[in-house]
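Engineer: Sharing target_29.cif below, mmCIF, C-alpha atoms:
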data_run
loop_
_atom_site.label_atom_id
_atom_site.label_comp_id
_atom_site.auth_asym_id
_atom_site.auth_seq_id
_atom_site.Cartn_x
_atom_site.Cartn_y
_atom_site.Cartn_z
CA MET A 64 -91.94 151.70 -69.49
CA THR A 65 -95.50 152.32 -68.27
CA MET A 66 -97.97 154.42 -70.15
CA GLN A 67 -99.89 156.90 -68.05
CA ASN A 68 -102.93 157.42 -70.23
CA GLY A 69 -106.14 155.57 -70.93
CA THR A 70 -108.14 153.66 -68.37
CA PHE A 71 -105.31 151.82 -66.68
CA ASP A 72 -103.34 154.66 -65.14
CA SER A 73 -104.38 154.26 -61.51
CA PRO A 74 -102.59 151.42 -59.71
CA ILE A 75 -103.46 150.94 -56.08
CA GLY A 76 -101.42 152.81 -53.49
CA GLU A 77 -98.97 151.35 -51.03
CA SER A 78 -100.11 149.28 -48.09
CA ASP A 79 -99.92 152.08 -45.56
CA GLY A 80 -103.05 153.91 -46.66
CA PRO A 81 -105.82 154.58 -44.12
CA GLU A 82 -107.93 151.63 -43.02
CA LYS A 83 -111.55 151.91 -44.05
CA ASN A 84 -114.29 151.20 -41.56
CA ASN A 85 -116.55 149.24 -43.89
CA SER A 86 -115.93 145.53 -44.00
CA ASP A 87 -118.50 144.59 -46.57
CA ARG A 88 -118.08 146.91 -49.51
CA GLY A 89 -118.34 145.31 -52.91
CA ASN A 90 -115.20 147.07 -54.16
CA ASN A 91 -112.18 148.42 -52.33
CA PHE A 92 -114.56 149.88 -49.72
CA SER A 93 -113.76 153.45 -50.59
CA ASP A 94 -115.58 155.93 -52.74
CA THR A 95 -112.27 157.08 -54.09
CA SER A 96 -110.03 155.21 -56.46
CA PRO A 97 -106.94 153.65 -54.82
CA HIS A 98 -104.58 156.43 -55.85
CA ASP A 99 -106.72 158.97 -54.00
CA GLU A 100 -106.08 157.40 -50.61
CA ASP A 101 -103.79 159.05 -48.10
CA SER A 102 -100.21 157.79 -48.06
CA SER A 103 -99.74 157.19 -44.33
CA LEU A 104 -101.54 156.54 -41.07
CA SER A 105 -101.60 159.21 -38.40
CA ARG A 106 -100.49 158.29 -34.90
CA SER A 107 -104.06 158.61 -33.67
CA GLU A 108 -105.23 156.14 -36.33
CA LEU A 109 -102.53 153.67 -35.35
CA GLU A 110 -103.44 153.93 -31.68
CA GLU A 111 -107.10 153.58 -32.57
CA SER A 112 -106.41 150.45 -34.60
CA ARG A 113 -104.55 148.84 -31.71
CA THR A 114 -107.23 149.83 -29.19
CA ARG A 115 -109.89 148.51 -31.56
CA SER A 116 -108.22 145.09 -31.75
CA GLU A 117 -107.80 144.88 -27.98
CA ARG A 118 -111.45 145.77 -27.46
CA ILE A 119 -112.72 142.83 -29.52
CA GLY A 120 -110.38 140.39 -27.79
CA VAL A 121 -107.88 139.84 -30.53
CA GLY A 122 -104.95 137.68 -29.47
CA GLU A 123 -101.47 137.53 -30.89
CA PHE A 124 -101.78 136.43 -34.50
CA SER A 125 -98.14 135.54 -35.01
CA SER A 126 -94.66 136.87 -34.69
CA ALA A 127 -95.00 138.65 -38.05
CA THR A 128 -98.23 140.33 -36.96
CA ARG A 129 -96.77 141.50 -33.67
CA GLN A 130 -93.72 142.95 -35.35
CA THR A 131 -95.73 145.00 -37.84
CA SER A 132 -98.27 146.29 -35.30
CA GLU A 133 -95.84 148.99 -34.25
CA VAL A 134 -95.41 152.32 -36.02
CA ARG A 135 -94.00 151.40 -39.41
CA HIS A 136 -91.64 154.32 -39.90
CA PRO A 137 -89.81 155.07 -36.61
CA THR A 138 -87.30 157.88 -36.63
CA PRO A 139 -83.72 156.49 -36.53
CA GLN A 140 -81.67 157.35 -33.47
CA ALA A 141 -78.76 159.71 -33.85
CA GLY A 142 -75.82 157.99 -35.51
CA GLU A 143 -77.82 155.00 -36.70
CA GLY A 144 -78.72 156.42 -40.12
CA ARG A 145 -81.23 154.39 -42.12
CA LYS A 146 -79.60 150.97 -41.76
CA LYS A 147 -81.26 150.03 -38.49
CA GLN A 148 -84.75 150.33 -37.06
CA ASN A 149 -85.49 149.13 -33.54
CA ASN A 150 -81.98 147.61 -33.42
CA GLN A 151 -82.78 145.40 -36.44
CA PRO A 152 -80.97 145.52 -39.80
CA ARG A 153 -82.98 147.21 -42.51
CA ARG A 154 -84.17 144.68 -45.05
CA ASP A 155 -83.47 145.21 -48.70
CA ARG A 156 -86.68 145.41 -50.71
CA ARG A 157 -86.94 143.41 -53.92
CA ASP A 158 -89.15 143.08 -56.96
CA VAL A 159 -91.96 140.59 -56.31
CA HIS A 160 -94.85 140.25 -58.77
CA GLY A 161 -98.08 138.36 -58.24
CA TRP A 162 -101.14 137.90 -56.06
CA VAL A 163 -101.37 136.55 -52.52
CA ILE A 164 -104.96 135.75 -51.54
CA LEU A 165 -104.76 135.96 -47.78
CA ASP A 166 -107.42 134.26 -45.67
CA LYS A 167 -107.54 137.23 -43.31
CA PRO A 168 -108.19 136.32 -39.68
CA ILE A 169 -110.76 138.09 -37.54
CA GLY A 170 -109.24 140.98 -35.61
CA MET A 171 -106.67 142.09 -38.18
CA THR A 172 -107.07 145.23 -40.25
CA SER A 173 -106.57 145.02 -44.00
CA THR A 174 -103.83 147.64 -43.87
CA HIS A 175 -102.00 145.60 -41.25
CA ALA A 176 -102.41 142.43 -43.31
CA VAL A 177 -100.86 144.06 -46.38
CA ALA A 178 -97.96 145.33 -44.28
CA VAL A 179 -97.33 141.80 -42.95
CA VAL A 180 -97.34 140.23 -46.42
CA LYS A 181 -95.18 142.99 -47.83
CA ARG A 182 -92.62 142.41 -45.07
CA LEU A 183 -92.67 138.62 -45.42
CA PHE A 184 -91.81 138.94 -49.12
CA SER A 185 -89.54 141.99 -48.64
CA ALA A 186 -91.56 143.41 -51.52
CA LYS A 187 -91.12 146.92 -52.86
CA ARG A 188 -94.79 147.47 -53.65
CA ALA A 189 -98.02 146.07 -52.28
CA GLY A 190 -101.70 146.93 -52.09
CA HIS A 191 -105.07 145.24 -51.68
CA ALA A 192 -108.17 144.95 -53.81
CA GLY A 193 -110.95 145.15 -51.25
CA THR A 194 -110.87 146.10 -47.58
CA LEU A 195 -112.13 143.78 -44.86
CA ASP A 196 -112.76 145.23 -41.40
CA PRO A 197 -111.19 143.56 -38.36
CA LEU A 198 -114.47 141.79 -37.53
CA ALA A 199 -114.60 140.14 -40.97
CA SER A 200 -112.59 137.17 -42.22
CA GLY A 201 -111.90 135.64 -45.61
CA GLY A 202 -110.39 136.58 -48.93
CA LEU A 203 -108.16 139.65 -49.01
CA PRO A 204 -106.44 139.83 -52.42
CA ILE A 205 -103.00 141.39 -51.96
CA ALA A 206 -101.21 142.59 -55.07
CA LEU A 207 -97.42 142.64 -55.10
CA GLY A 208 -95.33 144.60 -57.57
CA GLU A 209 -96.71 144.72 -61.10
CA ALA A 210 -99.92 143.02 -59.95
CA THR A 211 -100.97 146.40 -58.53
CA LYS A 212 -101.64 147.46 -62.13
CA THR A 213 -104.43 144.87 -62.37
CA VAL A 214 -106.20 145.79 -59.12
CA PRO A 215 -109.13 147.61 -60.81
CA PHE A 216 -110.16 144.42 -62.60
CA VAL A 217 -110.45 142.58 -59.28
CA MET A 218 -112.28 145.43 -57.57
CA ASP A 219 -114.87 145.56 -60.34
CA GLY A 220 -115.62 141.84 -60.09
CA ARG A 221 -118.36 140.12 -58.12
CA LYS A 222 -118.02 139.45 -54.40
CA ARG A 223 -119.58 136.65 -52.39
CA TYR A 224 -120.18 136.70 -48.64
CA ARG A 225 -121.46 134.44 -45.88
CA PHE A 226 -122.88 136.47 -43.03
CA THR A 227 -125.09 136.19 -39.97
CA VAL A 228 -127.66 138.76 -38.89
CA GLN A 229 -128.59 139.11 -35.24
CA TRP A 230 -132.21 140.27 -35.00
CA GLY A 231 -133.51 142.46 -32.20
CA GLU A 232 -130.88 145.22 -32.16
CA GLU A 233 -129.77 147.95 -34.53
CA ARG A 234 -126.32 149.43 -33.93
CA ASP A 235 -124.71 152.64 -35.12
CA THR A 236 -122.01 150.75 -37.07
CA ASP A 237 -124.52 148.14 -38.34
CA ASP A 238 -122.29 145.40 -36.92
CA SER A 239 -121.65 143.93 -33.48
CA GLU A 240 -118.89 146.43 -32.68
CA GLY A 241 -121.21 149.42 -32.52
CA ARG A 242 -123.42 151.05 -29.92
CA VAL A 243 -127.02 149.80 -29.67
CA THR A 244 -129.40 152.44 -31.02
CA SER A 245 -132.74 150.56 -31.29
CA THR A 246 -134.13 147.33 -29.84
CA SER A 247 -137.17 145.13 -30.38
CA ALA A 248 -138.59 142.01 -28.75
CA ASN A 249 -139.90 140.82 -32.11
CA ARG A 250 -138.15 137.98 -33.89
CA PRO A 251 -138.99 137.04 -37.49
CA ASP A 252 -139.65 133.46 -38.50
CA ALA A 253 -137.86 131.85 -41.43
CA ASP A 254 -140.82 132.28 -43.78
CA ALA A 255 -140.96 136.03 -43.14
CA VAL A 256 -137.24 136.39 -43.79
CA ARG A 257 -137.37 134.29 -46.94
CA ALA A 258 -140.35 136.24 -48.30
CA LEU A 259 -138.37 139.48 -47.92
CA LEU A 260 -135.36 138.44 -50.01
CA PRO A 261 -136.77 139.28 -53.47
CA ARG A 262 -136.97 142.93 -52.39
CA PHE A 263 -133.20 142.88 -51.91
CA THR A 264 -132.30 141.07 -55.11
CA GLY A 265 -131.44 142.74 -58.40
CA THR A 266 -130.78 146.47 -58.72
CA ILE A 267 -131.77 148.18 -55.47
CA GLU A 268 -131.38 151.54 -53.78
CA GLN A 269 -129.11 151.38 -50.76
CA THR A 270 -128.05 154.07 -48.28
CA PRO A 271 -124.48 153.47 -47.06
CA PRO A 272 -123.86 153.08 -43.32
CA GLN A 273 -122.91 156.15 -41.27
CA TYR A 274 -119.61 154.40 -40.56
CA SER A 275 -118.29 154.29 -44.12
CA ALA A 276 -115.42 155.81 -46.06
CA ILE A 277 -117.58 158.09 -48.16
CA LYS A 278 -116.27 161.65 -48.20
CA ILE A 279 -118.52 164.46 -47.00
CA GLN A 280 -116.98 167.84 -47.84
CA GLY A 281 -113.54 166.30 -47.65
CA GLU A 282 -114.16 164.34 -44.43
CA ARG A 283 -114.68 160.59 -44.17
CA ALA A 284 -118.17 159.69 -42.98
CA TYR A 285 -116.78 157.39 -40.29
CA ASP A 286 -114.67 160.23 -38.87
CA LEU A 287 -117.74 162.45 -38.66
CA ALA A 288 -119.72 159.61 -37.05
CA ARG A 289 -117.02 159.12 -34.42
CA ASP A 290 -117.26 162.82 -33.62
CA GLY A 291 -120.98 162.43 -33.00
CA GLU A 292 -122.17 164.06 -36.22
CA THR A 293 -125.06 162.62 -38.21
CA VAL A 294 -124.66 163.09 -41.94
CA ALA A 295 -127.23 162.63 -44.70
CA LEU A 296 -125.74 160.00 -47.01
CA GLN A 297 -127.44 159.71 -50.37
CA PRO A 298 -128.83 156.34 -51.51
CA ARG A 299 -127.22 154.75 -54.52
CA GLN A 300 -127.98 151.89 -56.85
CA VAL A 301 -126.21 148.58 -56.19
CA GLU A 302 -126.56 145.15 -57.72
CA ILE A 303 -127.42 142.09 -55.61
CA HIS A 304 -127.08 139.09 -57.90
CA GLN A 305 -128.13 136.52 -55.33
CA LEU A 306 -129.31 136.54 -51.70
CA THR A 307 -130.13 133.23 -50.01
CA LEU A 308 -131.23 132.29 -46.50
CA VAL A 309 -129.14 129.27 -45.51
CA GLU A 310 -130.02 128.92 -41.82
CA HIS A 311 -132.49 130.36 -39.31
CA THR A 312 -132.47 129.75 -35.57
CA ASP A 313 -135.10 130.30 -32.90
CA ASP A 314 -132.79 132.53 -30.88
CA GLY A 315 -133.05 135.29 -33.46
CA ARG A 316 -130.22 134.70 -35.95
CA SER A 317 -130.31 134.23 -39.70
CA ALA A 318 -127.38 133.14 -41.87
CA PHE A 319 -127.21 134.24 -45.50
CA GLU A 320 -125.12 133.95 -48.60
CA ALA A 321 -124.95 136.94 -50.93
CA GLU A 322 -123.32 137.62 -54.27
CA CYS A 323 -123.14 141.27 -55.13
CA GLY A 324 -121.49 143.86 -57.32
CA LYS A 325 -119.30 146.84 -56.73
CA GLY A 326 -120.36 149.29 -54.01
CA THR A 327 -122.67 147.02 -51.99
CA TYR A 328 -122.69 147.19 -48.20
CA VAL A 329 -123.70 143.92 -46.54
CA ARG A 330 -124.08 145.80 -43.25
CA ALA A 331 -126.71 147.98 -44.88
CA LEU A 332 -128.57 144.85 -46.01
CA ALA A 333 -128.84 143.68 -42.40
CA ARG A 334 -129.97 147.12 -41.23
CA ASP A 335 -132.62 147.54 -43.93
CA MET A 336 -134.03 144.00 -43.63
CA GLY A 337 -134.36 144.46 -39.87
CA ARG A 338 -136.27 147.70 -40.28
CA ILE A 339 -138.73 146.24 -42.79
CA LEU A 340 -139.29 143.16 -40.61
CA GLY A 341 -139.92 145.45 -37.64
CA CYS A 342 -137.32 143.78 -35.46
CA TYR A 343 -134.06 145.61 -36.28
CA GLY A 344 -130.82 143.79 -37.04
CA HIS A 345 -127.06 143.99 -37.39
CA ILE A 346 -124.22 141.85 -38.74
CA SER A 347 -122.75 139.52 -36.12
CA SER A 348 -120.35 137.63 -38.41
CA LEU A 349 -119.06 138.13 -41.92
CA ARG A 350 -116.79 136.12 -44.20
CA ARG A 351 -115.85 136.93 -47.80
CA THR A 352 -115.57 133.83 -49.98
CA LEU A 353 -115.10 135.33 -53.45
CA VAL A 354 -113.45 138.47 -54.85
CA GLY A 355 -113.45 138.69 -58.63
CA PRO A 356 -111.60 135.59 -59.90
CA PHE A 357 -110.32 134.61 -56.45
CA GLY A 358 -112.23 132.04 -54.40
CA GLU A 359 -111.65 130.06 -51.22
CA ALA A 360 -109.45 127.55 -53.06
CA ASP A 361 -106.97 130.39 -53.67
CA MET A 362 -106.83 131.57 -50.06
CA ILE A 363 -103.83 130.95 -47.82
CA PRO A 364 -104.01 131.36 -44.03
CA LEU A 365 -101.48 133.69 -42.44
CA GLU A 366 -99.89 130.89 -40.42
CA GLU A 367 -99.36 128.80 -43.55
CA LEU A 368 -97.87 131.76 -45.40
CA GLU A 369 -95.46 132.48 -42.56
CA ALA A 370 -94.42 128.82 -42.40
CA LEU A 371 -93.70 128.84 -46.14
CA CYS A 372 -91.65 132.02 -45.80
CA ASN A 373 -89.67 130.51 -42.95
CA ARG A 374 -88.95 127.38 -45.01
CA ALA A 375 -87.90 129.53 -47.95
CA ALA A 376 -85.53 131.51 -45.72
CA SER A 377 -83.83 128.27 -44.69
CA GLY A 378 -83.60 127.02 -48.28
CA GLU A 379 -86.34 124.41 -47.91
CA GLY A 380 -89.09 126.10 -49.87
CA ASN A 381 -89.90 128.64 -52.53
CA LEU A 382 -91.79 131.86 -51.90
CA ALA A 383 -93.05 131.76 -55.47
CA ASP A 384 -95.31 128.87 -54.41
CA ALA A 385 -97.47 131.36 -52.48
CA LEU A 386 -98.03 133.59 -55.50
CA LEU A 387 -100.67 133.53 -58.20
CA PRO A 388 -99.57 135.03 -61.53
CA VAL A 389 -100.28 138.68 -62.24
CA GLU A 390 -102.55 137.75 -65.16
CA THR A 391 -104.85 135.72 -62.89
CA ALA A 392 -106.70 138.97 -62.26
CA LEU A 393 -107.37 139.23 -66.00
CA ASP A 394 -109.33 136.00 -66.40
CA ASP A 395 -112.28 137.76 -68.03
CA ILE A 396 -110.15 139.69 -70.55
CA PRO A 397 -109.16 138.22 -73.94
CA ALA A 398 -105.49 137.42 -74.44
CA LEU A 399 -103.59 138.32 -77.58
CA ALA A 400 -100.16 136.91 -78.51
CA VAL A 401 -97.77 139.09 -80.51
CA THR A 402 -94.38 138.61 -82.12
CA ARG A 403 -91.16 139.67 -80.44
CA ALA A 404 -90.80 142.55 -82.88
CA ASP A 405 -94.28 143.86 -82.03
CA ALA A 406 -93.59 143.25 -78.33
CA ALA A 407 -90.53 145.50 -78.53
CA ARG A 408 -92.63 148.33 -79.94
CA LEU A 409 -95.33 147.90 -77.32
CA HIS A 410 -92.73 147.85 -74.56
CA ARG A 411 -91.53 151.26 -75.78
CA GLY A 412 -95.09 152.56 -75.58
CA GLN A 413 -95.63 152.54 -79.33
CA ALA A 414 -98.79 151.35 -81.07
CA VAL A 415 -98.70 148.31 -83.34
CA LEU A 416 -100.65 147.81 -86.56
CA LEU A 417 -102.07 144.30 -86.92
CA ARG A 418 -102.43 143.34 -90.57
CA GLY A 419 -103.00 140.18 -92.51
CA ARG A 420 -105.43 137.30 -92.60
CA ASP A 421 -104.90 136.35 -88.95
CA ALA A 422 -105.30 139.88 -87.58
CA PRO A 423 -108.01 140.00 -84.85
CA GLN A 424 -111.29 141.63 -85.86
CA SER A 425 -112.52 142.33 -82.34
CA SER A 426 -112.04 145.49 -80.32
CA GLY A 427 -111.69 146.47 -76.68
CA VAL A 428 -109.27 145.76 -73.87
CA VAL A 429 -106.91 142.80 -74.22
CA TYR A 430 -103.90 141.58 -72.35
CA VAL A 431 -100.92 141.00 -74.57
CA THR A 432 -98.44 138.15 -74.25
CA VAL A 433 -95.16 137.34 -75.97
CA ALA A 434 -93.78 133.80 -75.83
CA GLY A 435 -96.40 133.00 -73.18
CA ARG A 436 -95.34 135.86 -70.91
CA LEU A 437 -97.54 138.80 -69.90
CA LEU A 438 -96.41 142.00 -71.61
CA ALA A 439 -99.10 144.68 -71.49
CA LEU A 440 -102.70 145.75 -71.20
CA ALA A 441 -103.76 147.34 -74.47
CA GLU A 442 -106.69 148.75 -76.39
CA LEU A 443 -107.50 146.96 -79.64
CA GLY A 444 -109.46 148.66 -82.39
CA HIS A 445 -109.43 149.16 -86.16
CA GLY A 446 -106.43 146.88 -86.52
CA GLU A 447 -104.34 148.93 -84.09
CA LEU A 448 -103.01 147.83 -80.71
CA ILE A 449 -102.36 150.71 -78.30
CA PRO A 450 -100.53 149.92 -75.03
CA LYS A 451 -102.08 151.28 -71.84
CA ARG A 452 -100.10 149.52 -69.10
CA VAL A 453 -96.78 147.78 -69.75
CA PHE A 454 -95.53 145.14 -67.30
CA ASN A 455 -91.94 144.57 -66.20
CA LEU A 456 -91.89 141.15 -64.54
CA THR A 457 -88.20 141.03 -63.67
CA GLY A 458 -87.84 139.53 -60.20
CA LEU A 459 -89.74 136.93 -58.18
CA THR A 460 -92.92 135.71 -59.89
CA ALA A 461 -95.34 132.82 -59.42
CA SER A 462 -93.98 129.31 -59.89
CA SER A 463 -94.44 127.83 -63.34
CA GLY A 464 -97.79 126.06 -63.51
CA ARG A 465 -99.06 127.54 -60.26
CA ASN A 466 -102.07 129.08 -61.98
CA GLU A 467 -103.13 125.87 -63.69
CA ASN A 468 -102.37 123.52 -60.79
CA GLU A 469 -104.12 125.52 -58.09
CA ARG A 470 -107.11 126.78 -60.05
CA GLY A 471 -107.87 123.72 -62.16
#
Give the structure from this file in structure tokens form.

Structural biologist:
Amino acid sequence: MTMQNGTFDSPIGESDGPEKNNSDRGNNFSDTSPHDEDSSLSRSELEESRTRSERIGVGEFSSATRQTSEVRHPTPQAGEGRKKQNNQPRRDRRDVHGWVILDKPIGMTSTHAVAVVKRLFSAKRAGHAGTLDPLASGGLPIALGEATKTVPFVMDGRKRYRFTVQWGEERDTDDSEGRVTSTSANRPDADAVRALLPRFTGTIEQTPPQYSAIKIQGERAYDLARDGETVALQPRQVEIHQLTLVEHTDDGRSAFEAECGKGTYVRALARDMGRILGCYGHISSLRRTLVGPFGEADMIPLEELEALCNRAASGEGNLADALLPVETALDDIPALAVTRADAARLHRGQAVLLRGRDAPQSSGVVYVTVAGRLLALAELGHGELIPKRVFNLTGLTASSGRNENERG
């Protein structure tokens, strides 16, 4: 049973929501919560995604990527019913619970990546916790099954990026994919760049790029931009915890590392720094190295994931080895163990009174366990434990000890 009240009633949608055109957002790169996203891609969006990949020279990622690049819901031919699609048997979906932290390759959309992982696991439910555009690489946390209930905790965490700014050109998308809109022969030296960084550290005002998923009177800003419309996006406060210059070259490139909070656009950082320096600039490369609790040590390349799935299919491996436990996303939340009797009440959606000398005196959100197993997210206060999200982890879950062995 899952409670539908409180602050935990918005799990992320399925993998076939619309791809956002903002690789560097500090959250899920949308100004709507996951459950507000559309439920399917239009044909024009699918064709655009394929054309987009071809334009930037994307090769064939793998057999799994090629298979999922087609329209995901073809209409069955007469007489075939729902058992076959494209002359292939329809796979039975199963319950899979946990996190896959994909090291997304350049050229693949986040929506496509989720579809690939969902198919490899034959999972019933999947979603991601932070879009990366095709031109970006790095950590894409993919939630399977009950892990989708913990997505907001990942989206609200810090993000870390490594990125390169090419000075001398500003582009309409603020990255190398866009059309050049302004140029300059000026090139900043390293000292000038380094002196600018304090202005972009801490709480700053930032205007999102024109090509972003912000809604303007019901329309996405990137759709309006593609139609040639210029919209007035309002600046907003974002938090830049750290911004460091790590390399500067004479040919007009600067490499940075940034750690930022929810809602930050790295592309906007490049644009704004270039304007202040009087030389213009845009992102030429971008890699995400941290999303909430998930770092590079947790990432698995697509090829490695496919190889593991192939071994598992032949009985030589275990798909659970690719999963991190659902509760990994809750690292910053206190855990509270309860008895089996109290667990039964919580599982039915009923509050539990915690009495006695050992009753916790704190308050706030906790994740509840019984016999070492994740049971629920709950609100603790005044000696009462109120369930907000209840987990049902029946099915494939992370291997025992995976969390401790992989994350130290």

Engineer: Work out how far apart atom CA of Leu308 of chain A and atom CA of Ser347 of chain A are and give it in Å to one decimal.

Structural biologist: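 Atom-to-atom, atom CA of Leu308 of chain A to atom CA of Ser347 of chain A, that is 15.2 Å.
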
Engineer: Would you compute the distance between atom CA of Tyr224 of chain A and atom CA of Arg250 of chain A? Give it in Å to one decimal.

Structural biologist: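 Going from atom CA of Tyr224 of chain A over to atom CA of Arg250 of chain A, I get 23.3 Å.
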
Engineer: When the PyMOL selection byres ((chain A and resi 441) around 12) is applied to the file above, which residues end up in the set, as an MDAnalysis selection string?

Structural biologist: chainID A and resid 65:66 68:72 396:401 406 409:410 412:415 426:432 437:440 442:444 447:454

Engineer: Could you tell me how far atom CA of Gly344 of chain A lies from atom CA of Glu233 of chain A, in Å and to one decimal?

Structural biologist: 5.0 Å

Engineer: Leaving out Gly231 of chain A and any residue of its chain fewer than 4 positions from it, which residues lie within 8 Å of it when counting all atoms listed in the file, given as a ChimeraX atom specification?

Structural biologist: /A:246-250,315,337,342-344

Engineer: May I have the residues within 7 Å of segment 382-394 of chain A as a list in words, using only C-alpha atoms and disregarding those fewer than 3 positions away in the same chain?

Structural biologist: His160, Gly161, Trp162, Val163, Ala210, Thr213, Phe216, Val217, Pro356, Leu371, Cys372, Ala375, Leu437, Leu459, Thr460, Ala461, Ser462, Arg465 and Asn466 of chain A

Engineer: If the PyMOL selection byres ((chain A and resi 354) around 12) is run on the structure shown, which residues does it catch, given as a PyMOL selection string?

Structural biologist: chain A and resi 87-91+164-166+191-195+201-205+214-224+322-325+350-353+355-362+392

Engineer: So which residues touch Arg257 of chain A within 12 Å, counting only C-alpha atoms, skipping near sequence neighbours fewer than 6 positions away, as a list in words?

Structural biologist: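 That gives Pro251, Phe263, Thr264, Leu306, Thr307, Leu308, Val309, Glu310, His311, Ser317, Ala318, Phe319, Met336 and Leu340 of chain A.
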
Engineer: Under the PyMOL selection byres ((chain A and resi 346) around 12), which residues of this model are included? Write them out as a PyMOL selection string.

Structural biologist: chain A and resi 85-87+198-199+224-241+316-319+328-337+343-345+347-350

Engineer: Can you pull out every residue within 7 Å of Ile267 of chain A, counting all atoms listed in the file, but drop anything in the same chain fewer than 6 positions away, and send it as a PyMOL selection string?

Structural biologist: chain A and resi 300-302

Engineer: Please provide the set of residues having any atom within 6 Å of Tyr285 of chain A, restricted to all atoms listed in the file, with same-chain residues fewer than 3 positions apart removed, written as a PyMOL selection string.

Structural biologist: chain A and resi 274-275+288
